[in-house]
Every structure is written in structure tokens, then in C-alpha cells.
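For reference, model_20.cif is printed below; it contains mmCIF, C-alpha atoms and all ligand atoms.
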data_entry
#
loop_
_atom_site.label_atom_id
_atom_site.label_comp_id
_atom_site.auth_asym_id
_atom_site.auth_seq_id
_atom_site.Cartn_x
_atom_site.Cartn_y
_atom_site.Cartn_z
CA MET A 2 83.61 186.80 62.56
CA LYS A 3 84.91 187.30 66.09
CA ALA A 4 82.17 187.30 68.71
CA GLY A 5 81.69 187.31 72.46
CA LYS A 6 79.06 184.78 73.47
CA ILE A 7 77.08 183.72 76.48
CA GLU A 8 76.47 180.03 75.76
CA GLN A 9 74.29 179.65 78.84
CA PRO A 10 73.92 181.56 82.11
CA GLY A 11 77.28 181.81 83.81
CA ARG A 12 79.35 180.95 80.72
CA ALA A 13 80.82 183.85 78.75
CA GLY A 14 83.66 183.45 76.27
CA PHE A 15 85.33 184.80 73.17
CA SER A 16 84.46 182.71 70.13
CA SER A 17 83.38 183.00 66.51
CA ALA A 18 80.10 183.13 64.64
CA PRO A 19 78.92 183.48 61.04
CA VAL A 20 78.55 187.07 59.80
CA PRO A 21 74.80 187.80 60.05
CA GLU A 22 72.84 188.33 56.81
CA PRO A 23 70.78 191.52 56.55
CA GLY A 24 67.18 190.99 55.43
CA PRO A 25 65.58 193.36 52.88
CA ASP A 26 64.74 195.96 55.56
CA ASP A 27 67.97 195.61 57.53
CA VAL A 28 71.32 197.32 57.84
CA LEU A 29 74.54 195.40 58.52
CA ILE A 30 76.82 197.38 60.83
CA GLN A 31 80.50 196.78 61.42
CA VAL A 32 80.77 197.40 65.15
CA HIS A 33 83.45 199.81 66.36
CA ALA A 34 82.51 200.31 70.03
CA ALA A 35 80.17 198.39 72.32
CA GLY A 36 79.62 198.95 76.04
CA ILE A 37 78.81 196.52 78.83
CA CYS A 38 75.60 197.43 80.65
CA GLY A 39 74.19 196.23 83.97
CA THR A 40 71.61 194.37 81.90
CA ASP A 41 74.41 192.33 80.28
CA ILE A 42 75.53 191.25 83.74
CA HIS A 43 71.95 190.20 84.53
CA ILE A 44 71.90 188.28 81.22
CA LEU A 45 75.17 186.55 82.11
CA LYS A 46 73.68 185.52 85.45
CA GLY A 47 70.45 184.29 83.84
CA GLU A 48 68.37 186.97 85.57
CA TYR A 49 66.86 188.62 82.49
CA GLU A 50 64.46 187.82 79.66
CA ALA A 51 67.21 186.70 77.26
CA ARG A 52 67.62 183.68 75.00
CA TYR A 53 70.76 181.53 74.93
CA PRO A 54 73.20 181.04 73.32
CA LEU A 55 73.43 184.78 72.80
CA ILE A 56 75.85 187.37 71.50
CA PRO A 57 74.91 190.20 73.89
CA GLY A 58 75.66 193.91 73.38
CA HIS A 59 72.99 196.58 72.92
CA GLU A 60 74.99 199.82 73.40
CA PHE A 61 77.05 200.21 70.26
CA SER A 62 78.15 202.20 67.25
CA GLY A 63 79.86 201.48 63.97
CA VAL A 64 79.82 201.83 60.21
CA VAL A 65 77.23 200.56 57.72
CA VAL A 66 78.80 197.88 55.52
CA SER A 67 75.75 196.61 53.64
CA VAL A 68 72.04 197.37 53.37
CA GLY A 69 68.96 195.36 52.36
CA ASP A 70 67.09 196.07 49.11
CA ASN A 71 64.36 198.15 50.78
CA VAL A 72 66.70 200.36 52.81
CA THR A 73 66.64 203.97 51.65
CA ARG A 74 68.01 206.17 54.44
CA PHE A 75 71.44 204.60 54.97
CA LYS A 76 74.32 203.64 52.72
CA VAL A 77 77.63 201.89 53.02
CA GLY A 78 80.11 204.00 54.98
CA ASP A 79 77.56 205.83 57.18
CA ARG A 80 78.59 206.20 60.82
CA VAL A 81 75.69 205.05 63.00
CA THR A 82 74.29 203.81 66.28
CA ALA A 83 71.03 201.90 66.76
CA ASP A 84 68.11 201.62 69.14
CA PRO A 85 68.19 197.96 70.21
CA ASN A 86 64.47 197.71 70.94
CA ILE A 87 62.26 196.25 68.22
CA PRO A 88 58.56 196.54 69.02
CA CYS A 89 56.10 194.38 67.07
CA ASN A 90 53.90 197.32 65.95
CA ARG A 91 50.80 195.14 66.16
CA CYS A 92 50.03 194.46 69.83
CA LEU A 93 47.72 196.67 71.92
CA ALA A 94 50.64 198.45 73.61
CA CYS A 95 52.17 199.32 70.24
CA GLN A 96 48.76 200.44 69.01
CA ARG A 97 48.55 202.77 72.02
CA ASN A 98 51.95 204.23 71.02
CA GLU A 99 53.70 202.61 73.97
CA PRO A 100 56.38 200.68 72.10
CA ASN A 101 58.63 200.12 75.13
CA GLN A 102 55.70 198.22 76.68
CA CYS A 103 55.28 196.04 73.56
CA GLU A 104 53.99 192.57 74.47
CA ASN A 105 56.38 190.97 71.96
CA LEU A 106 59.37 193.25 72.45
CA GLN A 107 62.54 192.01 70.77
CA ALA A 108 65.91 193.56 71.55
CA VAL A 109 69.27 193.38 69.84
CA GLY A 110 71.69 191.80 72.31
CA VAL A 111 68.89 190.36 74.46
CA THR A 112 66.48 188.26 72.41
CA ARG A 113 68.58 188.29 69.24
CA ASP A 114 72.30 188.54 68.57
CA GLY A 115 73.89 191.84 69.50
CA ALA A 116 76.99 193.91 69.12
CA PHE A 117 79.75 192.10 71.02
CA ALA A 118 80.88 190.92 67.60
CA GLU A 119 82.44 192.32 64.46
CA TYR A 120 79.04 192.71 62.78
CA VAL A 121 75.44 193.18 63.88
CA VAL A 122 72.18 193.34 61.91
CA VAL A 123 69.55 195.96 62.81
CA PRO A 124 66.30 197.03 61.09
CA GLU A 125 66.66 200.32 59.22
CA GLY A 126 64.06 202.01 61.42
CA ASN A 127 66.28 201.49 64.46
CA VAL A 128 69.39 203.10 62.95
CA PHE A 129 70.53 206.67 63.70
CA ALA A 130 73.27 208.70 62.03
CA ILE A 131 75.96 209.97 64.43
CA GLY A 132 77.86 212.31 62.13
CA GLU A 133 81.30 213.08 63.52
CA MET A 134 80.59 211.86 67.06
CA SER A 135 83.27 209.44 68.26
CA PHE A 136 82.34 205.75 68.25
CA ALA A 137 83.02 205.57 71.98
CA ALA A 138 80.60 208.43 72.67
CA ALA A 139 78.01 207.05 70.25
CA ALA A 140 78.00 203.73 72.15
CA MET A 141 76.72 205.79 75.13
CA VAL A 142 73.65 207.06 73.25
CA GLU A 143 71.58 204.05 74.34
CA PRO A 144 72.04 204.43 78.11
CA LEU A 145 71.42 208.19 77.87
CA ALA A 146 68.31 207.47 75.79
CA CYS A 147 66.99 205.48 78.78
CA VAL A 148 67.51 208.60 80.91
CA ALA A 149 65.80 210.71 78.24
CA TRP A 150 62.71 208.52 78.38
CA GLY A 151 62.39 209.03 82.13
CA LEU A 152 62.92 212.78 81.68
CA GLU A 153 60.04 212.84 79.19
CA ARG A 154 57.79 211.30 81.82
CA LEU A 155 58.94 213.67 84.56
CA SER A 156 58.14 217.28 85.13
CA ILE A 157 61.02 219.36 86.47
CA PRO A 158 59.71 222.46 88.27
CA PRO A 159 61.64 225.72 87.81
CA GLY A 160 64.54 225.88 90.25
CA ALA A 161 64.11 222.22 91.13
CA SER A 162 66.45 220.35 93.42
CA ALA A 163 67.35 216.78 92.54
CA LEU A 164 69.05 214.06 94.54
CA VAL A 165 70.65 211.12 92.72
CA PHE A 166 71.59 207.93 94.56
CA GLY A 167 74.51 206.30 92.75
CA ALA A 168 77.38 207.90 90.82
CA GLY A 169 78.11 205.05 88.43
CA PRO A 170 77.75 205.59 84.67
CA MET A 171 73.97 205.88 84.92
CA GLY A 172 74.03 208.17 87.96
CA CYS A 173 76.49 210.46 86.15
CA LEU A 174 74.29 210.50 83.03
CA LEU A 175 71.21 211.17 85.14
CA SER A 176 72.77 214.01 87.09
CA GLN A 177 74.04 215.75 83.95
CA ALA A 178 70.76 215.28 82.09
CA LEU A 179 68.73 216.59 85.05
CA HIS A 180 70.96 219.65 85.20
CA ALA A 181 70.70 220.17 81.43
CA SER A 182 66.91 219.82 81.71
CA GLY A 183 66.52 222.59 84.24
CA ALA A 184 67.21 221.28 87.74
CA ALA A 185 69.01 224.10 89.57
CA ARG A 186 70.61 221.83 92.15
CA VAL A 187 71.77 218.26 91.56
CA VAL A 188 73.17 216.42 94.55
CA VAL A 189 74.83 213.04 93.99
CA THR A 190 75.60 210.48 96.68
CA ASP A 191 77.59 207.23 96.49
CA VAL A 192 79.84 205.00 98.56
CA VAL A 193 82.79 205.34 96.14
CA PRO A 194 84.82 208.58 96.47
CA HIS A 195 86.35 208.54 92.96
CA ARG A 196 82.89 208.20 91.40
CA LEU A 197 81.77 211.27 93.38
CA ALA A 198 84.83 213.18 92.17
CA LEU A 199 83.83 212.41 88.60
CA ALA A 200 80.20 213.40 89.26
CA ALA A 201 81.46 216.74 90.63
CA GLU A 202 83.68 217.29 87.58
CA LEU A 203 80.65 216.65 85.39
CA GLY A 204 78.56 219.28 87.10
CA ALA A 205 76.91 217.84 90.20
CA THR A 206 76.35 220.88 92.42
CA GLU A 207 77.10 218.91 95.61
CA THR A 208 78.39 215.40 96.26
CA VAL A 209 77.94 213.47 99.48
CA LEU A 210 79.83 210.34 100.48
CA ALA A 211 77.51 207.61 101.75
CA ASP A 212 79.11 207.25 105.19
CA ASP A 213 77.55 207.62 108.62
CA GLN A 214 77.15 211.39 108.02
CA GLN A 215 75.26 210.91 104.73
CA ASP A 216 71.76 211.41 106.09
CA ARG A 217 72.64 214.53 108.05
CA LYS A 218 74.47 216.06 105.08
CA LEU A 219 71.74 215.33 102.55
CA ARG A 220 69.13 216.89 104.85
CA SER A 221 71.25 219.94 105.60
CA ILE A 222 71.65 220.70 101.88
CA GLU A 223 67.86 220.74 101.34
CA PRO A 224 66.13 220.91 104.75
CA GLY A 225 62.71 220.89 103.07
CA GLY A 226 63.52 217.88 100.91
CA TYR A 227 64.11 217.49 97.17
CA ASN A 228 61.70 217.93 94.27
CA LEU A 229 63.18 214.88 92.58
CA VAL A 230 64.87 211.87 94.09
CA VAL A 231 66.32 209.28 91.72
CA ASP A 232 67.62 205.84 92.54
CA ALA A 233 70.38 204.72 90.17
CA THR A 234 71.65 201.91 92.37
CA GLY A 235 68.94 199.28 92.03
CA ILE A 236 69.52 198.39 95.68
CA PRO A 237 66.12 197.92 97.38
CA LYS A 238 67.29 199.35 100.73
CA VAL A 239 68.66 202.46 99.01
CA LEU A 240 65.43 202.96 97.06
CA GLU A 241 63.42 202.64 100.26
CA ALA A 242 65.60 205.17 102.07
CA ALA A 243 65.50 207.54 99.07
CA PHE A 244 61.78 208.08 99.62
CA SER A 245 62.38 209.97 102.86
CA TYR A 246 64.21 212.83 101.06
CA LEU A 247 61.19 213.93 99.03
CA ARG A 248 59.77 217.39 99.43
CA ALA A 249 55.95 217.68 99.42
CA ARG A 250 54.77 217.23 95.79
CA GLY A 251 58.09 215.57 95.02
CA THR A 252 58.68 212.64 92.69
CA LEU A 253 60.66 209.49 93.36
CA TRP A 254 62.05 208.19 90.06
CA VAL A 255 62.72 204.45 90.14
CA PHE A 256 65.50 204.13 87.57
CA GLY A 257 67.92 201.48 88.90
CA VAL A 258 67.00 197.87 88.18
CA THR A 259 66.27 196.03 91.43
CA PRO A 260 66.14 192.21 91.43
CA ASN A 261 62.79 191.36 89.86
CA ASP A 262 61.47 189.72 93.03
CA ALA A 263 62.51 192.59 95.36
CA ARG A 264 59.90 194.36 97.50
CA VAL A 265 60.23 197.75 99.18
CA THR A 266 57.97 199.54 101.66
CA PHE A 267 56.83 203.16 101.39
CA PRO A 268 54.55 204.92 103.89
CA SER A 269 51.29 205.12 101.93
CA TYR A 270 49.74 207.83 104.12
CA GLU A 271 52.65 210.14 103.28
CA ILE A 272 52.23 209.57 99.55
CA PHE A 273 48.61 210.71 99.99
CA ARG A 274 49.15 213.49 102.48
CA ARG A 275 52.18 215.11 100.80
CA ASP A 276 51.04 214.78 97.15
CA LEU A 277 53.97 212.53 96.29
CA ALA A 278 54.55 210.63 93.07
CA ILE A 279 56.48 207.45 92.31
CA LEU A 280 57.58 207.20 88.71
CA GLY A 281 59.12 204.33 86.78
CA SER A 282 60.80 204.45 83.38
CA PHE A 283 61.66 201.37 81.37
CA ALA A 284 64.43 201.33 78.79
CA VAL A 285 64.34 203.52 75.70
CA ASN A 286 61.09 204.74 74.20
CA ARG A 287 61.99 206.33 70.87
CA THR A 288 64.33 208.73 72.63
CA PHE A 289 67.53 208.15 70.66
CA GLN A 290 67.43 211.45 68.82
CA GLU A 291 66.99 213.36 72.10
CA SER A 292 69.98 211.52 73.54
CA ILE A 293 72.13 212.26 70.48
CA SER A 294 71.20 215.95 70.79
CA MET A 295 72.16 216.08 74.46
CA ILE A 296 75.57 214.56 73.72
CA ARG A 297 76.17 216.69 70.64
CA SER A 298 75.35 219.89 72.54
CA GLY A 299 78.05 219.10 75.09
CA ARG A 300 75.51 219.44 77.90
CA VAL A 301 75.95 215.76 78.72
CA LYS A 302 79.52 214.49 78.59
CA VAL A 303 79.87 210.76 78.08
CA GLU A 304 83.49 210.03 77.24
CA PRO A 305 84.78 210.73 80.80
CA LEU A 306 82.49 207.89 81.95
CA ILE A 307 84.41 205.26 79.98
CA SER A 308 86.93 203.72 82.37
CA HIS A 309 88.11 200.69 80.39
CA THR A 310 88.48 199.95 76.67
CA LEU A 311 89.33 196.36 75.73
CA PRO A 312 89.65 194.29 72.57
CA LEU A 313 86.88 191.75 72.01
CA GLU A 314 89.40 188.95 72.59
CA ASP A 315 89.22 189.99 76.28
CA PHE A 316 85.47 189.37 76.33
CA ALA A 317 85.29 187.41 79.59
CA GLN A 318 87.74 189.77 81.30
CA GLY A 319 85.51 192.72 80.34
CA PHE A 320 82.61 191.16 82.20
CA GLU A 321 84.82 190.55 85.23
CA LEU A 322 86.02 194.16 85.21
CA ALA A 323 82.46 195.44 84.84
CA GLN A 324 81.43 193.53 87.95
CA SER A 325 84.32 193.92 90.32
CA ASP A 326 87.05 196.38 89.36
CA PRO A 327 87.04 199.13 92.01
CA ARG A 328 87.87 201.78 89.36
CA ARG A 329 85.21 200.67 86.90
CA MET A 330 82.73 203.00 85.28
CA LYS A 331 81.68 202.10 81.72
CA VAL A 332 83.61 199.20 80.19
CA GLN A 333 83.67 199.16 76.39
CA TYR A 334 85.04 196.84 73.75
CA GLN A 335 86.78 198.47 70.84
CA ILE A 336 86.13 196.17 67.91
CA GLY A 337 86.75 197.46 64.38
CA SER A 338 89.47 200.09 64.10
ZN ZN A 401 71.85 198.91 78.65
ZN ZN A 402 53.98 195.34 70.23
#
Could I get this file's structure written as C-alpha cells?
Amino acid sequence: MKAGKIEQPGRAGFSSAPVPEPGPDDVLIQVHAAGICGTDIHILKGEYEARYPLIPGHEFSGVVVSVGDNVTRFKVGDRVTADPNIPCNRCLACQRNEPNQCENLQAVGVTRDGAFAEYVVVPEGNVFAIGEMSFAAAAMVEPLACVAWGLERLSIPPGASALVFGAGPMGCLLSQALHASGAARVVVTDVVPHRLALAAELGATETVLADDQQDRKLRSIEPGGYNLVVDATGIPKVLEAAFSYLRARGTLWVFGVTPNDARVTFPSYEIFRRDLAILGSFAVNRTFQESISMIRSGRVKVEPLISHTLPLEDFAQGFELAQSDPRRMKVQYQIGS
């Protein structure tokens, strides 16, 4: 089969691989759409817990083409997506019902071959039906499921104001999901004007360009500060600055992935004195169904976030676009037809 591979950090190319064999509890999916995530870029650069050589790709959708003997819930022809995370179900974290903190976490497209290929194998328990949802939209279920996990951890007070740093694909998912989950005001800020225009189209109540007026504008919108401040940039300096926009009793949600050796400084006395909270959320934690519901309801629109659709033959070019094209949002490969 055709496959995009990272042979070793820094080396990505279109190549071929044997069609994977489903085990008795597995489903073989013919991939139709697969999106490039920031994590894939980290994997390409050797900055993530991946194994090489690797077929990456963990945001995907497709059609079931064969099932193992023990599979009961899916059959050939079903349109599906899949949660890439495979917890071990036997470590202490799994026993505490914290599967995203599994000590032996495996992930499709990270520690085992993923969906930048014609076919991918996934355990039945990770597979979700998508009904009539488009393949392109269904390949966005995974990133929105990461947002859904953070939302489950967060409490959104009635009438809440939220401030999102970053209007890339994740920032636009976050802002829509916060709005759909009850935030009355969602302000989005970014350095890229066309990303802000898209965030506004998708329901951000205010957008603010990150220029030399940014700080003044953000404070004039909510002089008392924001209930929720979210970083979707992963830039340590931005995260540090984000802290100063919190209202008393506010929560800073650390969503963007900073380099794993980054350090930021927050004023500890203020955290104490103003009842502040700092909240992290890692990946997906059994939140696929919630994500599917948000997309299906139309409350979170995902297709406008897809800026580029490429054939798998343009594998390396996709990674270049996803890193440097000024118009980029989500870059997807369209694989089967
Ligand atoms: Zn991802
Ligand atoms: Zn485990």
C-alpha cells in the first residue's frame, strides 16, 4: 500500500508498506482523510515519544474493510473514525480510570503505524461510527476530542468570558467549543489577520490582532479580567503573558504544547491571593463521542478549518505546508476516494 513514512527524525517521504493485518480484536480501516497535527511536526523533528521508522497520522477517518474474528460492533463498509490512544488497562493509572495518563500508553501514529497510508489497523474498542459525516470533518474529531477533555476538567461559570491565545485550528476549535459550552464572550487573539477573520466567522465575539495595541485592547474588552484564559500557541512567553488576563477565581488552561523543557514564571502570591487555578489537559480521554456530538450538532464547525487537501503522494510537501505556508490552517491528505 501507499504510505507516508518518517524513517528517522528529519526524514519524511512517500513510500510503500505492507497492508497491516488485523488481529482478532482489530478493525482494518481504509483511510479516506487524515490530518497533520502539531504533534506530527514534533514527531518529524524527533521531539516526541515516537518510535521510528513510523507511519504517522492519528487524526483520520475511513471505511471498515475487514474485521477480526472477535469484532462484533463493526462490519465491512461502516464509515468510522478512531481514538488513537490505546491504554494498557492494567497499570495503576488505568485502574484509577485515568487512561490518558496510562503508564504504557500506545498511540496509533505515534508508537505504532498510523493513518498516513491507505490502510490502518485499530482495536475495535477505539472505533467510532460517523454516520453521514464527511470524511474530512470526521478526521477533525480527534483534535476536538482533545478540547472536549479539557472542557470536562473545566468549570465554565454562567456568563463566563473566555480569552483564547492563538487562532490556528486548535484555537478555532477551542473558541467554538467554549462558546457552545456556555461562555458568553469568547475573545480570540493572534498575530495572523486571516486566522482572526476565520475565528470571527466561526463565532468569536471579539478578535484582537496581536500588535502593539493588543494588551490595551484585551484589557478594555474585559477590564476586570477573564474567567478563562486559554493558551493555544504553545509559546512559553505567550503562556506567561496570558496569566495576567485572569479575573479573580479565573482559570488558566494550558492547552498548547510548549517544548518539553520550557519553563514559565507565574506570580505565586497572586495565585493564592486571587483564588486562581492553572489547569492542564492532555490529549483525548474517552471524549470521542462528545466531540462527534459537537460536530454533528453544528455548534462546532470543522470543515472551514481545513486549508489544504493533498494526495498522499505529496506527503513531504504536506509537512512543509503545515509548518510554513502563511495561509495554512489544517492540512489533510485525501487518501481513498
Ligand atoms: Zn493531534
Ligand atoms: Zn495503563
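Minimum atom-to-atom distances from A:Phe61, A:Tyr53, A:Tyr334, A:Phe129 to ligand ZN 401 (chain A) were compared using all atoms listed in the file, and the lowest value belongs to A:Phe61.
One distance worth recording is that between CA of Asn261 (chain A) and CA of His43 (chain A), which is 10.7 Å.
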Point out the residue among A:Leu313, A:Val285, A:Leu45, A:Leu277 with the least atom-to-atom distance to Asn101 (chain A), counting only C-alpha atoms.
A:Val285
Kindly provide, as a ChimeraX atom specification, all nucleotide and amino acid residues lying within 9 Å of ligand ZN 401 (chain A), counting only C-alpha atoms and all ligand atoms.
/A:36-41,58-60,143-144,147,284
Using all atoms listed in the file, which residues sit within 7 Å of region 19-26 of chain A once same-chain residues fewer than 6 positions away are excluded, as a PyMOL selection string?
chain A and resi 2+68-72+120-122+124-125
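Nearest to Val332 (chain A) of all the residues A:Ala178, A:Ile42, A:Leu164, A:Val230 is A:Ile42, counting all atoms listed in the file.
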